[in-house]
Each structure stands twice: as C-alpha cells, then as structure tokens.
Amino acid sequence: MDLLRECRSGLDSDSVPELPELEVLREYFTPRLANQAITGVWVSPKLSFILRTPPDDFAKELQGGTIERIWRRGKFLIFDIDSHHLLINPMLGGRLQWAAASEKVSKDTLFRLTLSGGDELRFLDSVRMGRVYWVPAGALPTVTGWAELGPDALEVSQSDFAHRIRRHPGELKNLLRNQAFVAGIGNAYSDEILHRAELLPLRKRSTLKPDDVSRLHTATQQVLGEAIAAIRAQPHYVPQKQDRSFMAVHGKGGQKCPRCGHRISELKARGETTNFCRGCQH
Ligand SMILES: [Zn+2]
C-alpha cells in the first residue's frame, strides 16, 4: 500500500505532507514497526543523492538493528534504531510504503528494510528531493534546520504562541510556515488555519490585536486536530492518494466559501497556491 500519494499530474506543493499526514503515518507505523528487528537492508545507489551517510555504511549500520520508537517533530518522522535516529521528511515526492516482501518494488525505491515479521518498510522518492538523515543518538542538532525548529504546532501553548509571535512582524501565511516559529505547518494547512481564524494570508502580524493572536492559536490547533481525525477516518486509514477534500479553502479556488458563500480566491506564486476568502477573512 502506498502511504503517500503519487501525484496525478506533475508534482506541486500541495503534495507535500504536513503535520497531520505525518502524525497519522506515525500512528499507523507504531504498532507495525515498534520492537521489530531489521533482518535485511537494501539500498539504491541513488540514495546517495539525498543521504549524507554513504549508502553502504547506512545499510551496514541498520542491519540487525531494532526499531525502538517512532516519533514526530514538525515535518520529520523519526525512527529510533538502537543508538541511531533515522529521520525522514518526505517533502515533494517522498513516500513511505508498507509492503509484503513479495510485492513488486517500484523503480523509485531508495531503500527497503525487511523486518522480523516478514514485511518491508520502503522509502520511495520519484524526484529525490526528500530529506533523509541517519545520525547517532545525541546528534539531532546536526540535522539541517533541527536546532532552529520551534515547538510542535500541535502542542504549543497559547502563552508560548503569543510570546513567540512577537518576533515575527511579517505576513501571516509566511509566519505560519516558518518552522522556527512553530513546526509542522506548510502551504496547505496555513490556508486552512487562516480561514478558520478569519485572517487574510497577506495580513501583517504587526496589525494583529491580542484577540486575533488568541484566535489564530485556537484555529491552529483545531484545524490540525480535525485534519488528523479526518485523515484517520479515510477509507484506507492511510490513503493511497493524499485526500484533502475535507479542506475548507485550500485547493478550492473558485468554489463557494463554506462559511460565507463568497467565491474563494486563488493566488499562485513559485508553483504554490494560496486560497482564501475575501468575504470572511480580514
Ligand atoms: Zn468566506
């Protein structure tokens, strides 16, 4: 089963998994992988494009290891394996696959781990833009961007959110996507959160009143929490194709706003789409 979708017509930023998709992956993998030993490792020479550790060393060090824990921080999924961490941020084209060993191996597969139960965890990346790191315990701060990560967007308290936001005077959409502010939000969920908070994406943070900040915090946690529940409830639980039809405005340019009925606006820049409602976002 493919766990993250292959894009229908070319890759775009909307295919990038964000906090809710990765959280559901974490939930999905935990009972399947925790405490399983890695009995076989296969790596593609192409893995060297996205992994700093030489693929042969990576394979040798993984062999015989036990997956002790799977956790998430922001947009990273982290597998604790003996005295190392395997970090995966799928980005544009990366996806994880949980497969029977007999299942056909896609040409985009960069590595396969065979587990003691007989199934395989596979990582595929058609555009090789994903981020994969293999680091010793204690070396997480050496991972690019890790040391700067803010608190997880699902867990940040209202007071911490209100305190941290003061450092960022700029546009709200950029602010929500800034992983140093809070971690886990990208292009799609920033639109959803701003719609819920009734704030325009290009509005400057410096114009917000304390009530607006508090509403933005509430919207962040509601939207992410509801998205996790929606993805979890999808027919295949972890869908073959990333299904974001539950969203209110993102990907719905030209349709009616579910809150006020106004036509949803769409802006495109650098291959990324921003959707919002001029009727009820201010
Ligand atoms: Zn509206």
# chains A, B, ... in the order shown; residues from 1 in each chain; ligands from 1
$ residues_near_ligand --ligand "ligand 1" --cutoff "12 Å" --atoms "only C-alpha atoms and all ligand atoms" --output "ChimeraX atom specification"
/A:192,194-200,248-249,252-265,275-282
$ select_by_dssp --residues "stretch 52-262 of chain A" --states "alpha helix (DSSP H)" --output "VMD selection string"
chain A and resid 55 to 62 158 to 165 172 to 177 187 to 197 210 to 232
$ residues_around --residues "stretch 20-31 of chain A" --least-positions-apart "2" --cutoff "7 Å" --atoms "only C-alpha atoms" --output "VMD selection string"
chain A and resid 17 to 18 33 to 34 70 to 72 75 77 224 227 to 228 232
$ residues_around --residues "stretch 176-188 of chain A" --least-positions-apart "5" --cutoff "6 Å" --atoms "only C-alpha atoms" --output "PyMOL selection string"
chain A and resi 18-19+74-75+148-153+250
$ write_last_selection --atoms "N, CA, C and O atoms" --output "CSV table (one decimal), in the first residue's frame"
chain,number,residue,atom,x,y,z
A,18,GLU,N,2.2,17.4,5.5
A,18,GLU,CA,2.4,18.3,6.6
A,18,GLU,C,2.1,17.6,7.9
A,18,GLU,O,1.9,16.4,7.9
A,19,LEU,N,2.1,18.3,9.0
A,19,LEU,CA,1.9,17.7,10.3
A,19,LEU,C,0.8,16.6,10.4
A,19,LEU,O,1.0,15.5,10.9
A,74,GLY,N,7.5,18.4,14.1
A,74,GLY,CA,7.2,19.1,12.9
A,74,GLY,C,7.0,18.2,11.7
A,74,GLY,O,6.2,17.3,11.8
A,75,LYS,N,7.7,18.4,10.6
A,75,LYS,CA,7.5,17.6,9.4
A,75,LYS,C,8.5,16.4,9.3
A,75,LYS,O,8.7,15.9,8.3
A,148,GLU,N,16.9,24.9,14.9
A,148,GLU,CA,16.0,26.1,14.8
A,148,GLU,C,14.5,25.8,15.0
A,148,GLU,O,13.7,26.7,15.1
A,149,LEU,N,14.2,24.5,14.9
A,149,LEU,CA,12.7,24.2,15.0
A,149,LEU,C,12.0,24.8,16.2
A,149,LEU,O,12.5,24.6,17.3
A,150,GLY,N,10.9,25.4,16.0
A,150,GLY,CA,10.1,25.9,17.1
A,150,GLY,C,9.3,24.7,17.7
A,150,GLY,O,9.4,23.6,17.3
A,151,PRO,N,8.5,25.0,18.7
A,151,PRO,CA,7.6,23.9,19.3
A,151,PRO,C,6.7,23.4,18.2
A,151,PRO,O,6.3,24.0,17.3
A,152,ASP,N,6.3,22.1,18.4
A,152,ASP,CA,5.3,21.5,17.5
A,152,ASP,C,4.0,22.3,17.5
A,152,ASP,O,3.5,22.6,18.6
A,153,ALA,N,3.5,22.5,16.3
A,153,ALA,CA,2.3,23.3,16.2
A,153,ALA,C,1.1,22.7,16.9
A,153,ALA,O,0.1,23.4,17.2
A,250,HIS,N,-8.3,25.5,0.9
A,250,HIS,CA,-7.1,25.2,0.1
A,250,HIS,C,-7.5,24.2,-1.0
A,250,HIS,O,-8.1,23.2,-0.8
$ closest_residue --among "A:Leu154, A:Thr66, A:Ser44, A:Ile38" --to "A:Ser106" --atoms "only C-alpha atoms"
A:Ser44
$ atom_distance --atom1 "atom CA of A:Ile88" --atom2 "atom CA of A:Gly130"
7.5 Å
$ atom_distance --atom1 "atom CA of A:Ala99" --atom2 "atom CA of A:Glu68"
19.9 Å
$ closest_residue --among "A:Ile67, A:Leu175, A:Leu115, A:Ala137" --to "A:His84" --atoms "only C-alpha atoms"
A:Ala137
$ atom_distance --atom1 "atom CA of A:Pro45" --atom2 "atom CA of A:His85"
20.9 Å
$ residues_around --residues "A:Leu202" --least-positions-apart "4" --cutoff "8 Å" --atoms "only C-alpha atoms" --output "ChimeraX atom specification"
/A:171-173
$ residues_around --residues "A:Gly64" --least-positions-apart "2" --cutoff "8 Å" --atoms "only C-alpha atoms" --output "VMD selection string"
chain A and resid 37 to 40 61 to 62 66
$ write_last_selection --atoms "all heavy atoms" --output "PDB file, in the first residue's frame"
ATOM      1  N   ALA A  37      12.858  -6.171  14.636  1.00  0.00           N
ATOM      2  CA  ALA A  37      14.266  -6.169  14.229  1.00  0.00           C
ATOM      3  C   ALA A  37      14.354  -6.052  12.712  1.00  0.00           C
ATOM      4  O   ALA A  37      13.472  -6.508  11.984  1.00  0.00           O
ATOM      5  CB  ALA A  37      14.929  -7.451  14.693  1.00  0.00           C
ATOM      6  N   ILE A  38      15.408  -5.410  12.264  1.00  0.00           N
ATOM      7  CA  ILE A  38      15.656  -5.256  10.830  1.00  0.00           C
ATOM      8  C   ILE A  38      16.532  -6.433  10.393  1.00  0.00           C
ATOM      9  O   ILE A  38      17.691  -6.550  10.791  1.00  0.00           O
ATOM     10  CB  ILE A  38      16.341  -3.910  10.550  1.00  0.00           C
ATOM     11  CG1 ILE A  38      15.407  -2.765  10.973  1.00  0.00           C
ATOM     12  CG2 ILE A  38      16.717  -3.790   9.074  1.00  0.00           C
ATOM     13  CD1 ILE A  38      16.090  -1.418  11.077  1.00  0.00           C
ATOM     14  N   THR A  39      15.945  -7.315   9.582  1.00  0.00           N
ATOM     15  CA  THR A  39      16.676  -8.534   9.210  1.00  0.00           C
ATOM     16  C   THR A  39      17.331  -8.412   7.843  1.00  0.00           C
ATOM     17  O   THR A  39      18.150  -9.249   7.479  1.00  0.00           O
ATOM     18  CB  THR A  39      15.733  -9.758   9.216  1.00  0.00           C
ATOM     19  OG1 THR A  39      14.652  -9.486   8.300  1.00  0.00           O
ATOM     20  CG2 THR A  39      15.155  -9.997  10.604  1.00  0.00           C
ATOM     21  N   GLY A  40      16.943  -7.388   7.084  1.00  0.00           N
ATOM     22  CA  GLY A  40      17.554  -7.212   5.766  1.00  0.00           C
ATOM     23  C   GLY A  40      17.485  -5.753   5.353  1.00  0.00           C
ATOM     24  O   GLY A  40      16.534  -5.053   5.702  1.00  0.00           O
ATOM     25  N   GLU A  61      24.999  -0.361   9.087  1.00  0.00           N
ATOM     26  CA  GLU A  61      24.639   0.036  10.450  1.00  0.00           C
ATOM     27  C   GLU A  61      23.180  -0.306  10.787  1.00  0.00           C
ATOM     28  O   GLU A  61      22.850  -0.560  11.941  1.00  0.00           O
ATOM     29  CB  GLU A  61      24.915   1.531  10.634  1.00  0.00           C
ATOM     30  CG  GLU A  61      26.415   1.818  10.720  1.00  0.00           C
ATOM     31  CD  GLU A  61      26.777   3.294  10.638  1.00  0.00           C
ATOM     32  OE1 GLU A  61      25.888   4.148  10.799  1.00  0.00           O
ATOM     33  OE2 GLU A  61      27.950   3.583  10.395  1.00  0.00           O
ATOM     34  N   LEU A  62      22.310  -0.302   9.783  1.00  0.00           N
ATOM     35  CA  LEU A  62      20.904  -0.641  10.028  1.00  0.00           C
ATOM     36  C   LEU A  62      20.691  -2.138  10.241  1.00  0.00           C
ATOM     37  O   LEU A  62      19.799  -2.558  10.987  1.00  0.00           O
ATOM     38  CB  LEU A  62      20.048  -0.221   8.826  1.00  0.00           C
ATOM     39  CG  LEU A  62      19.523   1.201   8.797  1.00  0.00           C
ATOM     40  CD1 LEU A  62      18.971   1.514   7.412  1.00  0.00           C
ATOM     41  CD2 LEU A  62      18.425   1.392   9.838  1.00  0.00           C
ATOM     42  N   THR A  66      17.125  -2.752  15.918  1.00  0.00           N
ATOM     43  CA  THR A  66      15.727  -2.876  16.343  1.00  0.00           C
ATOM     44  C   THR A  66      15.083  -1.485  16.342  1.00  0.00           C
ATOM     45  O   THR A  66      15.673  -0.534  16.868  1.00  0.00           O
ATOM     46  CB  THR A  66      15.647  -3.468  17.766  1.00  0.00           C
ATOM     47  OG1 THR A  66      16.227  -4.768  17.738  1.00  0.00           O
ATOM     48  CG2 THR A  66      14.199  -3.586  18.237  1.00  0.00           C
TER      49      THR A  66
END
$ residues_around --residues "A:Leu140" --least-positions-apart "3" --cutoff "12 Å" --atoms "only C-alpha atoms" --output "list in words"
Arg73, Phe76, Ile78, Asp80, Ser83, His84, His85, Leu86, Leu87, Tyr133, Trp134, Val135, Pro136, Ala137, Val143, Thr144, Gly145, Trp146, Ala147, Glu148 and Leu149 of chain A
$ write_last_selection --atoms "N, CA, C and O atoms" --output "PDB file, in the first residue's frame"
ATOM      1  N   ARG A  73       8.492  15.193  14.914  1.00  0.00           N
ATOM      2  CA  ARG A  73       8.635  16.581  15.342  1.00  0.00           C
ATOM      3  C   ARG A  73       8.484  17.435  14.099  1.00  0.00           C
ATOM      4  O   ARG A  73       9.237  17.266  13.121  1.00  0.00           O
ATOM      5  N   PHE A  76       9.212  16.104  10.424  1.00  0.00           N
ATOM      6  CA  PHE A  76      10.116  14.954  10.448  1.00  0.00           C
ATOM      7  C   PHE A  76       9.445  13.769  11.124  1.00  0.00           C
ATOM      8  O   PHE A  76       8.879  13.912  12.208  1.00  0.00           O
ATOM      9  N   ILE A  78      10.677  10.331  12.859  1.00  0.00           N
ATOM     10  CA  ILE A  78      11.952   9.864  13.387  1.00  0.00           C
ATOM     11  C   ILE A  78      11.793   8.434  13.887  1.00  0.00           C
ATOM     12  O   ILE A  78      10.898   8.130  14.673  1.00  0.00           O
ATOM     13  N   ASP A  80      13.765   5.672  15.970  1.00  0.00           N
ATOM     14  CA  ASP A  80      14.902   5.405  16.850  1.00  0.00           C
ATOM     15  C   ASP A  80      15.301   3.948  16.667  1.00  0.00           C
ATOM     16  O   ASP A  80      14.493   3.039  16.924  1.00  0.00           O
ATOM     17  N   SER A  83      21.275   2.828  18.614  1.00  0.00           N
ATOM     18  CA  SER A  83      21.895   4.084  19.067  1.00  0.00           C
ATOM     19  C   SER A  83      21.863   5.157  17.977  1.00  0.00           C
ATOM     20  O   SER A  83      22.650   6.084  17.998  1.00  0.00           O
ATOM     21  N   HIS A  84      20.933   5.016  17.012  1.00  0.00           N
ATOM     22  CA  HIS A  84      20.835   5.996  15.918  1.00  0.00           C
ATOM     23  C   HIS A  84      19.401   6.487  15.755  1.00  0.00           C
ATOM     24  O   HIS A  84      18.451   5.866  16.225  1.00  0.00           O
ATOM     25  N   HIS A  85      19.267   7.597  15.022  1.00  0.00           N
ATOM     26  CA  HIS A  85      17.962   8.085  14.579  1.00  0.00           C
ATOM     27  C   HIS A  85      17.943   8.076  13.051  1.00  0.00           C
ATOM     28  O   HIS A  85      18.885   8.554  12.416  1.00  0.00           O
ATOM     29  N   LEU A  86      16.849   7.565  12.503  1.00  0.00           N
ATOM     30  CA  LEU A  86      16.593   7.698  11.067  1.00  0.00           C
ATOM     31  C   LEU A  86      15.499   8.759  10.928  1.00  0.00           C
ATOM     32  O   LEU A  86      14.393   8.578  11.425  1.00  0.00           O
ATOM     33  N   LEU A  87      15.830   9.874  10.284  1.00  0.00           N
ATOM     34  CA  LEU A  87      14.860  10.968  10.125  1.00  0.00           C
ATOM     35  C   LEU A  87      14.404  11.029   8.680  1.00  0.00           C
ATOM     36  O   LEU A  87      15.240  10.964   7.764  1.00  0.00           O
ATOM     37  N   TYR A 133      18.003  11.478   6.956  1.00  0.00           N
ATOM     38  CA  TYR A 133      19.227  11.602   7.751  1.00  0.00           C
ATOM     39  C   TYR A 133      19.381  10.359   8.612  1.00  0.00           C
ATOM     40  O   TYR A 133      18.389   9.809   9.106  1.00  0.00           O
ATOM     41  N   TRP A 134      20.622   9.966   8.803  1.00  0.00           N
ATOM     42  CA  TRP A 134      20.960   8.840   9.679  1.00  0.00           C
ATOM     43  C   TRP A 134      22.027   9.360  10.622  1.00  0.00           C
ATOM     44  O   TRP A 134      23.147   9.635  10.218  1.00  0.00           O
ATOM     45  N   VAL A 135      21.629   9.603  11.866  1.00  0.00           N
ATOM     46  CA  VAL A 135      22.565  10.265  12.786  1.00  0.00           C
ATOM     47  C   VAL A 135      22.637   9.494  14.104  1.00  0.00           C
ATOM     48  O   VAL A 135      21.649   8.898  14.554  1.00  0.00           O
ATOM     49  N   PRO A 136      23.802   9.525  14.762  1.00  0.00           N
ATOM     50  CA  PRO A 136      23.918   8.880  16.073  1.00  0.00           C
ATOM     51  C   PRO A 136      23.055   9.604  17.103  1.00  0.00           C
ATOM     52  O   PRO A 136      22.775  10.800  16.951  1.00  0.00           O
ATOM     53  N   ALA A 137      22.653   8.864  18.133  1.00  0.00           N
ATOM     54  CA  ALA A 137      21.908   9.479  19.233  1.00  0.00           C
ATOM     55  C   ALA A 137      22.704  10.676  19.746  1.00  0.00           C
ATOM     56  O   ALA A 137      23.929  10.625  19.834  1.00  0.00           O
ATOM     57  N   VAL A 143      21.310  17.962  12.261  1.00  0.00           N
ATOM     58  CA  VAL A 143      20.411  17.857  11.109  1.00  0.00           C
ATOM     59  C   VAL A 143      19.986  19.273  10.686  1.00  0.00           C
ATOM     60  O   VAL A 143      19.582  20.073  11.533  1.00  0.00           O
ATOM     61  N   THR A 144      20.088  19.541   9.387  1.00  0.00           N
ATOM     62  CA  THR A 144      19.777  20.875   8.885  1.00  0.00           C
ATOM     63  C   THR A 144      18.394  21.328   9.332  1.00  0.00           C
ATOM     64  O   THR A 144      17.402  20.647   9.083  1.00  0.00           O
ATOM     65  N   GLY A 145      18.340  22.455  10.005  1.00  0.00           N
ATOM     66  CA  GLY A 145      17.061  23.032  10.412  1.00  0.00           C
ATOM     67  C   GLY A 145      16.561  22.556  11.764  1.00  0.00           C
ATOM     68  O   GLY A 145      15.659  23.159  12.342  1.00  0.00           O
ATOM     69  N   TRP A 146      17.129  21.446  12.269  1.00  0.00           N
ATOM     70  CA  TRP A 146      16.592  20.860  13.508  1.00  0.00           C
ATOM     71  C   TRP A 146      16.741  21.815  14.700  1.00  0.00           C
ATOM     72  O   TRP A 146      15.805  22.019  15.480  1.00  0.00           O
ATOM     73  N   ALA A 147      17.931  22.381  14.828  1.00  0.00           N
ATOM     74  CA  ALA A 147      18.209  23.221  16.006  1.00  0.00           C
ATOM     75  C   ALA A 147      17.307  24.449  16.043  1.00  0.00           C
ATOM     76  O   ALA A 147      17.002  24.978  17.110  1.00  0.00           O
ATOM     77  N   GLU A 148      16.854  24.899  14.858  1.00  0.00           N
ATOM     78  CA  GLU A 148      16.024  26.103  14.792  1.00  0.00           C
ATOM     79  C   GLU A 148      14.537  25.802  14.969  1.00  0.00           C
ATOM     80  O   GLU A 148      13.732  26.729  15.068  1.00  0.00           O
ATOM     81  N   LEU A 149      14.152  24.516  14.948  1.00  0.00           N
ATOM     82  CA  LEU A 149      12.718  24.186  14.982  1.00  0.00           C
ATOM     83  C   LEU A 149      12.037  24.757  16.223  1.00  0.00           C
ATOM     84  O   LEU A 149      12.527  24.584  17.342  1.00  0.00           O
TER      85      LEU A 149
END
$ closest_residue --among "A:Ser190, A:Thr218, A:Ser48, A:Asn89" --to "A:Met247" --atoms "only C-alpha atoms"
A:Ser190
$ select_by_dssp --residues "stretch 80-153 of chain A" --states "strand (DSSP E or B)" --output "short mmCIF file (atom, residue, chain, number, x, y, z; two decimals) with N, CA, C and O atoms, in the first residue's frame"
data_model
loop_
_atom_site.label_atom_id
_atom_site.label_comp_id
_atom_site.auth_asym_id
_atom_site.auth_seq_id
_atom_site.Cartn_x
_atom_site.Cartn_y
_atom_site.Cartn_z
N ASP A 80 13.76 5.67 15.97
CA ASP A 80 14.90 5.40 16.85
C ASP A 80 15.30 3.95 16.67
O ASP A 80 14.49 3.04 16.92
N ILE A 81 16.52 3.74 16.21
CA ILE A 81 17.00 2.39 15.91
C ILE A 81 18.32 2.19 16.65
O ILE A 81 19.33 2.79 16.27
N HIS A 84 20.93 5.02 17.01
CA HIS A 84 20.84 6.00 15.92
C HIS A 84 19.40 6.49 15.75
O HIS A 84 18.45 5.87 16.22
N HIS A 85 19.27 7.60 15.02
CA HIS A 85 17.96 8.09 14.58
C HIS A 85 17.94 8.08 13.05
O HIS A 85 18.88 8.55 12.42
N LEU A 86 16.85 7.56 12.50
CA LEU A 86 16.59 7.70 11.07
C LEU A 86 15.50 8.76 10.93
O LEU A 86 14.39 8.58 11.43
N LEU A 87 15.83 9.87 10.28
CA LEU A 87 14.86 10.97 10.12
C LEU A 87 14.40 11.03 8.68
O LEU A 87 15.24 10.96 7.76
N ILE A 88 13.11 11.18 8.49
CA ILE A 88 12.57 11.30 7.13
C ILE A 88 11.61 12.49 7.07
O ILE A 88 10.68 12.58 7.86
N ASN A 89 11.90 13.40 6.13
CA ASN A 89 10.96 14.47 5.80
C ASN A 89 10.65 14.27 4.33
O ASN A 89 11.50 14.52 3.47
N GLY A 94 8.59 12.28 -1.79
CA GLY A 94 8.94 11.12 -0.98
C GLY A 94 7.70 10.45 -0.41
O GLY A 94 6.71 11.11 -0.10
N ARG A 95 7.74 9.14 -0.29
CA ARG A 95 6.64 8.48 0.40
C ARG A 95 7.12 7.16 1.00
O ARG A 95 8.08 6.56 0.51
N LEU A 96 6.45 6.76 2.04
CA LEU A 96 6.77 5.51 2.71
C LEU A 96 5.77 4.46 2.29
O LEU A 96 4.60 4.76 2.06
N GLN A 97 6.24 3.25 2.18
CA GLN A 97 5.39 2.16 1.75
C GLN A 97 5.57 1.00 2.71
O GLN A 97 6.70 0.70 3.10
N TRP A 98 4.46 0.42 3.08
CA TRP A 98 4.46 -0.76 3.94
C TRP A 98 4.02 -1.90 3.05
O TRP A 98 2.91 -1.89 2.54
N ALA A 99 4.91 -2.86 2.80
CA ALA A 99 4.62 -3.85 1.76
C ALA A 99 5.01 -5.25 2.20
O ALA A 99 5.94 -5.44 3.00
N ALA A 100 4.31 -6.22 1.63
CA ALA A 100 4.76 -7.60 1.78
C ALA A 100 6.05 -7.73 0.97
O ALA A 100 6.21 -7.07 -0.05
N THR A 109 12.19 3.29 -5.60
CA THR A 109 12.55 2.88 -4.23
C THR A 109 14.01 3.22 -3.94
O THR A 109 14.90 2.88 -4.72
N LEU A 110 14.24 3.90 -2.83
CA LEU A 110 15.61 4.28 -2.46
C LEU A 110 16.18 3.37 -1.37
O LEU A 110 17.37 3.18 -1.29
N PHE A 111 15.30 2.88 -0.47
CA PHE A 111 15.78 1.82 0.42
C PHE A 111 14.61 0.97 0.89
O PHE A 111 13.45 1.39 0.85
N ARG A 112 14.95 -0.26 1.28
CA ARG A 112 13.96 -1.21 1.81
C ARG A 112 14.53 -1.82 3.08
O ARG A 112 15.69 -2.23 3.08
N LEU A 113 13.70 -1.87 4.10
CA LEU A 113 14.09 -2.55 5.34
C LEU A 113 13.18 -3.76 5.52
O LEU A 113 11.95 -3.60 5.58
N THR A 114 13.74 -4.94 5.58
CA THR A 114 12.95 -6.14 5.85
C THR A 114 12.91 -6.34 7.37
O THR A 114 13.94 -6.25 8.03
N LEU A 115 11.69 -6.57 7.87
CA LEU A 115 11.52 -6.65 9.32
C LEU A 115 11.33 -8.09 9.76
O LEU A 115 10.97 -8.96 8.95
N ASP A 119 7.45 -8.35 6.70
CA ASP A 119 7.06 -7.25 5.83
C ASP A 119 8.21 -6.27 5.63
O ASP A 119 9.24 -6.36 6.31
N GLU A 120 7.98 -5.34 4.71
CA GLU A 120 9.05 -4.38 4.40
C GLU A 120 8.57 -2.95 4.56
O GLU A 120 7.45 -2.61 4.20
N LEU A 121 9.45 -2.11 5.06
CA LEU A 121 9.25 -0.67 5.03
C LEU A 121 10.10 -0.16 3.88
O LEU A 121 11.30 -0.42 3.82
N ARG A 122 9.45 0.55 2.95
CA ARG A 122 10.18 1.06 1.78
C ARG A 122 10.06 2.58 1.73
O ARG A 122 9.02 3.13 2.07
N PHE A 123 11.13 3.20 1.30
CA PHE A 123 11.08 4.65 1.06
C PHE A 123 11.30 4.89 -0.42
O PHE A 123 12.28 4.44 -1.00
N LEU A 124 10.35 5.61 -1.02
CA LEU A 124 10.39 5.90 -2.45
C LEU A 124 10.44 7.41 -2.62
O LEU A 124 9.86 8.15 -1.80
N ASP A 125 11.10 7.86 -3.64
CA ASP A 125 11.12 9.29 -3.92
C ASP A 125 11.37 9.50 -5.41
O ASP A 125 12.49 9.35 -5.89
N ARG A 131 14.15 14.49 2.38
CA ARG A 131 15.31 14.63 3.26
C ARG A 131 15.38 13.41 4.17
O ARG A 131 14.43 13.12 4.88
N VAL A 132 16.49 12.70 4.09
CA VAL A 132 16.70 11.51 4.93
C VAL A 132 18.03 11.69 5.65
O VAL A 132 19.03 12.06 5.03
N TYR A 133 18.00 11.48 6.96
CA TYR A 133 19.23 11.60 7.75
C TYR A 133 19.38 10.36 8.61
O TYR A 133 18.39 9.81 9.11
N TRP A 134 20.62 9.97 8.80
CA TRP A 134 20.96 8.84 9.68
C TRP A 134 22.03 9.36 10.62
O TRP A 134 23.15 9.63 10.22
N VAL A 135 21.63 9.60 11.87
CA VAL A 135 22.57 10.26 12.79
C VAL A 135 22.64 9.49 14.10
O VAL A 135 21.65 8.90 14.55
N PRO A 136 23.80 9.52 14.76
CA PRO A 136 23.92 8.88 16.07
C PRO A 136 23.06 9.60 17.10
O PRO A 136 22.77 10.80 16.95
N ASP A 152 6.27 22.13 18.45
CA ASP A 152 5.35 21.48 17.53
C ASP A 152 4.02 22.25 17.50
O ASP A 152 3.49 22.62 18.55
#
$ closest_residue --among "A:Leu208, A:Gly251, A:Ser116, A:Trp42" --to "A:Phe58" --atoms "only C-alpha atoms"
A:Trp42
